[in-house]
Amino acid sequence: MKMIFVDVSKCTGCRSCEINCAVAHSKSKTLFGALSEEPKSGRRLYVEAARDSKIPVLCRHCDEAPCINSCVSGCLYKDADSLVRRHKERCIGCWSCIMACPFGVISQDKARHIAVKCDRCHKLDTPACVSGCPTRALFMMEADDFAHEKRLKIAVSETTPV
Amino acid sequence: MSYLIVGGSVAGISAAKAIRRKDPSAEIKIISEENKPYCRPMIPLLLSGERDGSEILWPEDIEKTAWVQVIHDRATLIDHESKSLKLAGGGALGYRKILIATGAKPRKLDVKGSDTKGVFTFRTIEDVIKIREMAANAKKAVVIGGGFTGIKAAEALTKKGIKTTVIEIMPHILHPRLDSVGAGIVASALAAEGIELVLNETVHEIASVNGHAAGVITTSSKAFRADFVVVAVGTSPNMELAEKSGISMGKGIIVNDNLATNLPDVYSAGDAVQFRDIVTGQDSVSALWSNAAEMGRIAGSNMAGENLKYGGLLSVKNATEIAGISMISAGEASGTGHEVYSHTGPGYYRKLVFDRDVLIGAIFMGDLSGAGIYVNLINNHAPLEGLKSLAIENKIDYAALLSSHVAEAIK
């Protein structure tokens, strides 16, 4: 199954992914509609600045997900595609998942009093953050293909005479 | 031969699911005294009426999703020589591996009148049903104990229109999960909701009229009238089964890093277990959902042949919301005598506690963003080195961690 990868060297920190994410999770699904909605739709990934790099940080949909392990209300679960999802109506706003997530990618929707996180846009072919990224810093790929490309790059660089 | 799990709450179910993942054909049986598994931390919502009985049940039917057989009975003895478990209902079950996940029970208050009618504990669905019946015709309640359980009970009762007083033995509520500053913020918000908090008072007696609780008298002779009393003074591990079966015990059931007890093929997980606290280094029983879930997963995996080690628990590792204030605290949250950095603002409090450059405690109130990163740093118990100054400035995010460790690799 395809995963979202981040090529940090291509991220300019423009935050288009964040905007696209918030719009995709709004009611209207349009930028202008989303801006006028109350409560406002939030982003579920975060472009963070670290030293010289900008790094989009997003949910890993962990195998042994700490957020699911700590969820006290049975809200978080793994779906058939291995995505960590919410049974939204079960969330009681206890924030245990926020406490458990080592990546800091779950946040509070204070207006609705529920936790929000990436659902990898499971209804879309391509997640909104990926389709909104103008530099292809975010891209979808099979994990095996990613490893293959990486091996190839290393092989090429090591066999190219200086 | 089957895997047996004694106890059907989060540790037991997590273990059953871990066994099932590793061993698709194994026979797994859970022996539980409670009716159906449910999410215990949700019982305050059941009391207040914000959720109904069906909404707090465990979200999946584990008999179908994990092919686990649930037996409603009470386990009385593990005979490790014949590898069988005796049941109160008669008969015995043979086992290949067995897990003791018997959890904890409310601690009893050792004062006069604590067994009177109209005195309740607050841990199970049955407790809630009894309190609700009582509350239907009551006006005033006293909650003994200002920990999370007591405060949650008081909030739920207040939502039902019952004037509630909380009596706490310590100088502030929610000790040791918050410090006096954090607890002060919560206390003001609770007072605004109409909850009366009485601090620094020890209960001397639960007074009764005609054999029914009528109020609480403290050692300083203060009296608080009540139509009923809820006792929430902590929990103690359920150790009867382990004790009778010859398992080593301290404050709780003693296990090694694989969560195995001193008896062969007998494991234990959850609130009944004592284990090393990562921060204090002391053995501790925690009674926290997230610790129990983690222990259950590790014990279950090991029963099915893995060799996973449990790294230790955090006795304080809490997330919740009280009186509209969201909060997360972990480790030496109430800690003094260490290096402490704190910020306060309207409805906002943040505190970090360091032992040299190891983060050992944290409190987040009002704004929880990134709190999980800090809690995981406490859990790792590793020197932060250059990250310490970033932490103090509230500038640690995952990118900062990533760049500090793999800055070279990226370039």
# chains A, B, ... in the order shown; residues from 1 in each chain; ligands from 1
$ closest_atom_pairs --of "chain B" --to "chain A" --cutoff "7 Å" --atoms "only C-alpha atoms" --output "tab-separated table"
residue	atom	partner	partner_atom	distance
B:Cys39	CA	A:Ser73	CA	5.7
B:Pro41	CA	A:Val72	CA	6.2
B:Met42	CA	A:Ser73	CA	6.6
B:Trp58	CA	A:Gly74	CA	6.4
B:Pro59	CA	A:Gly74	CA	5.2
B:Trp289	CA	A:Ser70	CA	6.8
B:Ser290	CA	A:Ser70	CA	4.6
B:Ala293	CA	A:Asn69	CA	5.9
B:Glu294	CA	A:Asn69	CA	6.8
B:Ala319	CA	A:Ser96	CA	5.0
B:Thr320	CA	A:Cys94	CA	4.4
B:Glu321	CA	A:Cys94	CA	5.9
B:Ile328	CA	A:Met99	CA	6.5
B:Ser369	CA	A:Ser107	CA	6.4
B:Gly370	CA	A:Gly104	CA	4.6
B:Ala371	CA	A:Met99	CA	5.8
B:Gly372	CA	A:Met99	CA	4.1
B:Ile373	CA	A:Pro102	CA	4.7
B:Val375	CA	A:Met99	CA	6.5
B:Asn376	CA	A:Pro102	CA	5.8
B:Tyr398	CA	A:Phe103	CA	5.4
B:Ala399	CA	A:Ala50	CA	5.6
B:Ala400	CA	A:Ala50	CA	5.2
B:Ser403	CA	A:Ala50	CA	6.2
$ select_by_dssp --residues "stretch 102-202 of chain B" --states "helix (DSSP H, G or I)" --output "PyMOL selection string"
chain B and resi 125-135+148-159+180-192
$ closest_residue --among "B:Val181, B:Ala226, B:Ile206, B:Val119" --to "B:Lys351" --atoms "only C-alpha atoms"
B:Val181
$ residues_around --residues "stretch 142-156 of chain A" --least-positions-apart "3" --cutoff "12 Å" --atoms "only C-alpha atoms" --output "compact mmCIF listing (two decimals) with C-alpha atoms, in the first residue's frame"
# COMPACT_ATOMS: atom_id res chain seq x y z
CA MET A 1 0.00 0.00 0.00
CA LYS A 2 1.15 3.52 -0.81
CA MET A 3 2.47 5.80 1.91
CA ILE A 4 3.14 9.52 2.09
CA PHE A 5 6.84 10.32 1.89
CA VAL A 6 8.56 13.64 2.54
CA ASP A 7 11.54 14.86 0.55
CA PHE A 139 4.54 12.31 -2.53
CA THR A 159 29.82 4.25 -9.04
CA THR A 160 30.04 7.69 -10.66
CA PRO A 161 33.68 8.79 -10.95
CA VAL A 162 34.29 12.12 -9.24
$ residues_around --residues "B:Ala333" --least-positions-apart "4" --cutoff "8 Å" --atoms "only C-alpha atoms" --output "PyMOL selection string"
chain B and resi 176-179+316+329+351-353+361-363
$ residues_around --residues "stretch 32-45 of chain A" --least-positions-apart "5" --cutoff "6 Å" --atoms "only C-alpha atoms" --output "number ranges by chain"
A: 18, 21-23, 26, 57-58, 117-118
$ closest_residue --among "B:Leu308, B:Val229, B:Val340, B:Ala242" --to "B:Ile254" --atoms "only C-alpha atoms"
B:Ala242
$ select_by_dssp --residues "stretch 152-265 of chain B" --states "strand (DSSP E)" --output "JSON, numbers by chain"
{"B": [163, 164, 165, 166, 167, 196, 197, 198, 203, 204, 205, 206, 207, 208, 209, 212, 213, 214, 215, 216, 217, 218, 223, 224, 225, 228, 229, 230, 231, 235, 236, 237, 253, 254]}
$ write_last_selection --atoms "C-alpha atoms" --output "PDB file, in the first residue's frame"
ATOM      1  CA  LYS B 163     -24.825  20.162  45.416  1.00  0.00           C
ATOM      2  CA  THR B 164     -21.478  18.448  45.941  1.00  0.00           C
ATOM      3  CA  THR B 165     -18.659  18.933  48.409  1.00  0.00           C
ATOM      4  CA  VAL B 166     -15.246  17.329  47.895  1.00  0.00           C
ATOM      5  CA  ILE B 167     -13.108  16.631  50.957  1.00  0.00           C
ATOM      6  CA  GLU B 196     -17.308  23.112  47.144  1.00  0.00           C
ATOM      7  CA  LEU B 197     -13.706  22.011  47.781  1.00  0.00           C
ATOM      8  CA  VAL B 198     -12.553  21.389  51.333  1.00  0.00           C
ATOM      9  CA  VAL B 203     -12.360  12.298  57.424  1.00  0.00           C
ATOM     10  CA  HIS B 204     -13.007  11.060  60.918  1.00  0.00           C
ATOM     11  CA  GLU B 205     -16.399   9.473  60.497  1.00  0.00           C
ATOM     12  CA  ILE B 206     -19.261   8.984  58.104  1.00  0.00           C
ATOM     13  CA  ALA B 207     -22.281   9.869  60.196  1.00  0.00           C
ATOM     14  CA  SER B 208     -25.570   8.123  59.723  1.00  0.00           C
ATOM     15  CA  VAL B 209     -29.229   8.606  60.569  1.00  0.00           C
ATOM     16  CA  HIS B 212     -28.220   5.615  56.238  1.00  0.00           C
ATOM     17  CA  ALA B 213     -25.288   7.942  55.567  1.00  0.00           C
ATOM     18  CA  ALA B 214     -26.181  11.498  56.469  1.00  0.00           C
ATOM     19  CA  GLY B 215     -22.900  13.343  56.364  1.00  0.00           C
ATOM     20  CA  VAL B 216     -19.176  13.397  56.990  1.00  0.00           C
ATOM     21  CA  ILE B 217     -17.318  14.587  60.062  1.00  0.00           C
ATOM     22  CA  THR B 218     -13.644  15.507  59.821  1.00  0.00           C
ATOM     23  CA  ALA B 223     -19.458  18.438  59.682  1.00  0.00           C
ATOM     24  CA  PHE B 224     -20.777  18.234  56.120  1.00  0.00           C
ATOM     25  CA  ARG B 225     -24.346  17.128  55.615  1.00  0.00           C
ATOM     26  CA  PHE B 228     -25.094  10.153  50.245  1.00  0.00           C
ATOM     27  CA  VAL B 229     -21.301   9.812  50.175  1.00  0.00           C
ATOM     28  CA  VAL B 230     -18.920   8.748  47.409  1.00  0.00           C
ATOM     29  CA  VAL B 231     -15.536   7.411  48.517  1.00  0.00           C
ATOM     30  CA  THR B 235      -7.302   1.875  44.378  1.00  0.00           C
ATOM     31  CA  SER B 236      -5.451  -1.210  45.480  1.00  0.00           C
ATOM     32  CA  PRO B 237      -4.490  -4.196  43.309  1.00  0.00           C
ATOM     33  CA  ILE B 253       2.102  -8.717  41.719  1.00  0.00           C
ATOM     34  CA  ILE B 254       5.852  -8.950  41.093  1.00  0.00           C
TER      35      ILE B 254
END
$ closest_residue --among "B:Ala11, B:Ile185, B:Val279, B:Ala191" --to "B:Arg40" --atoms "only C-alpha atoms"
B:Ala11
$ atom_distance --atom1 "atom CA of A:Ala24" --atom2 "atom CA of B:Leu368"
23.9 Å
$ closest_residue --among "A:Gly132, A:Thr30, A:Met140, A:Arg120" --to "A:Cys59" --atoms "only C-alpha atoms"
A:Arg120
$ residues_around --residues "B:Ser14" --least-positions-apart "2" --cutoff "7 Å" --atoms "only C-alpha atoms" --output "list in words"
Val10, Ala11, Gly12, Ala16, Lys17, Ala18, Ala293, Gly296 and Arg297 of chain B
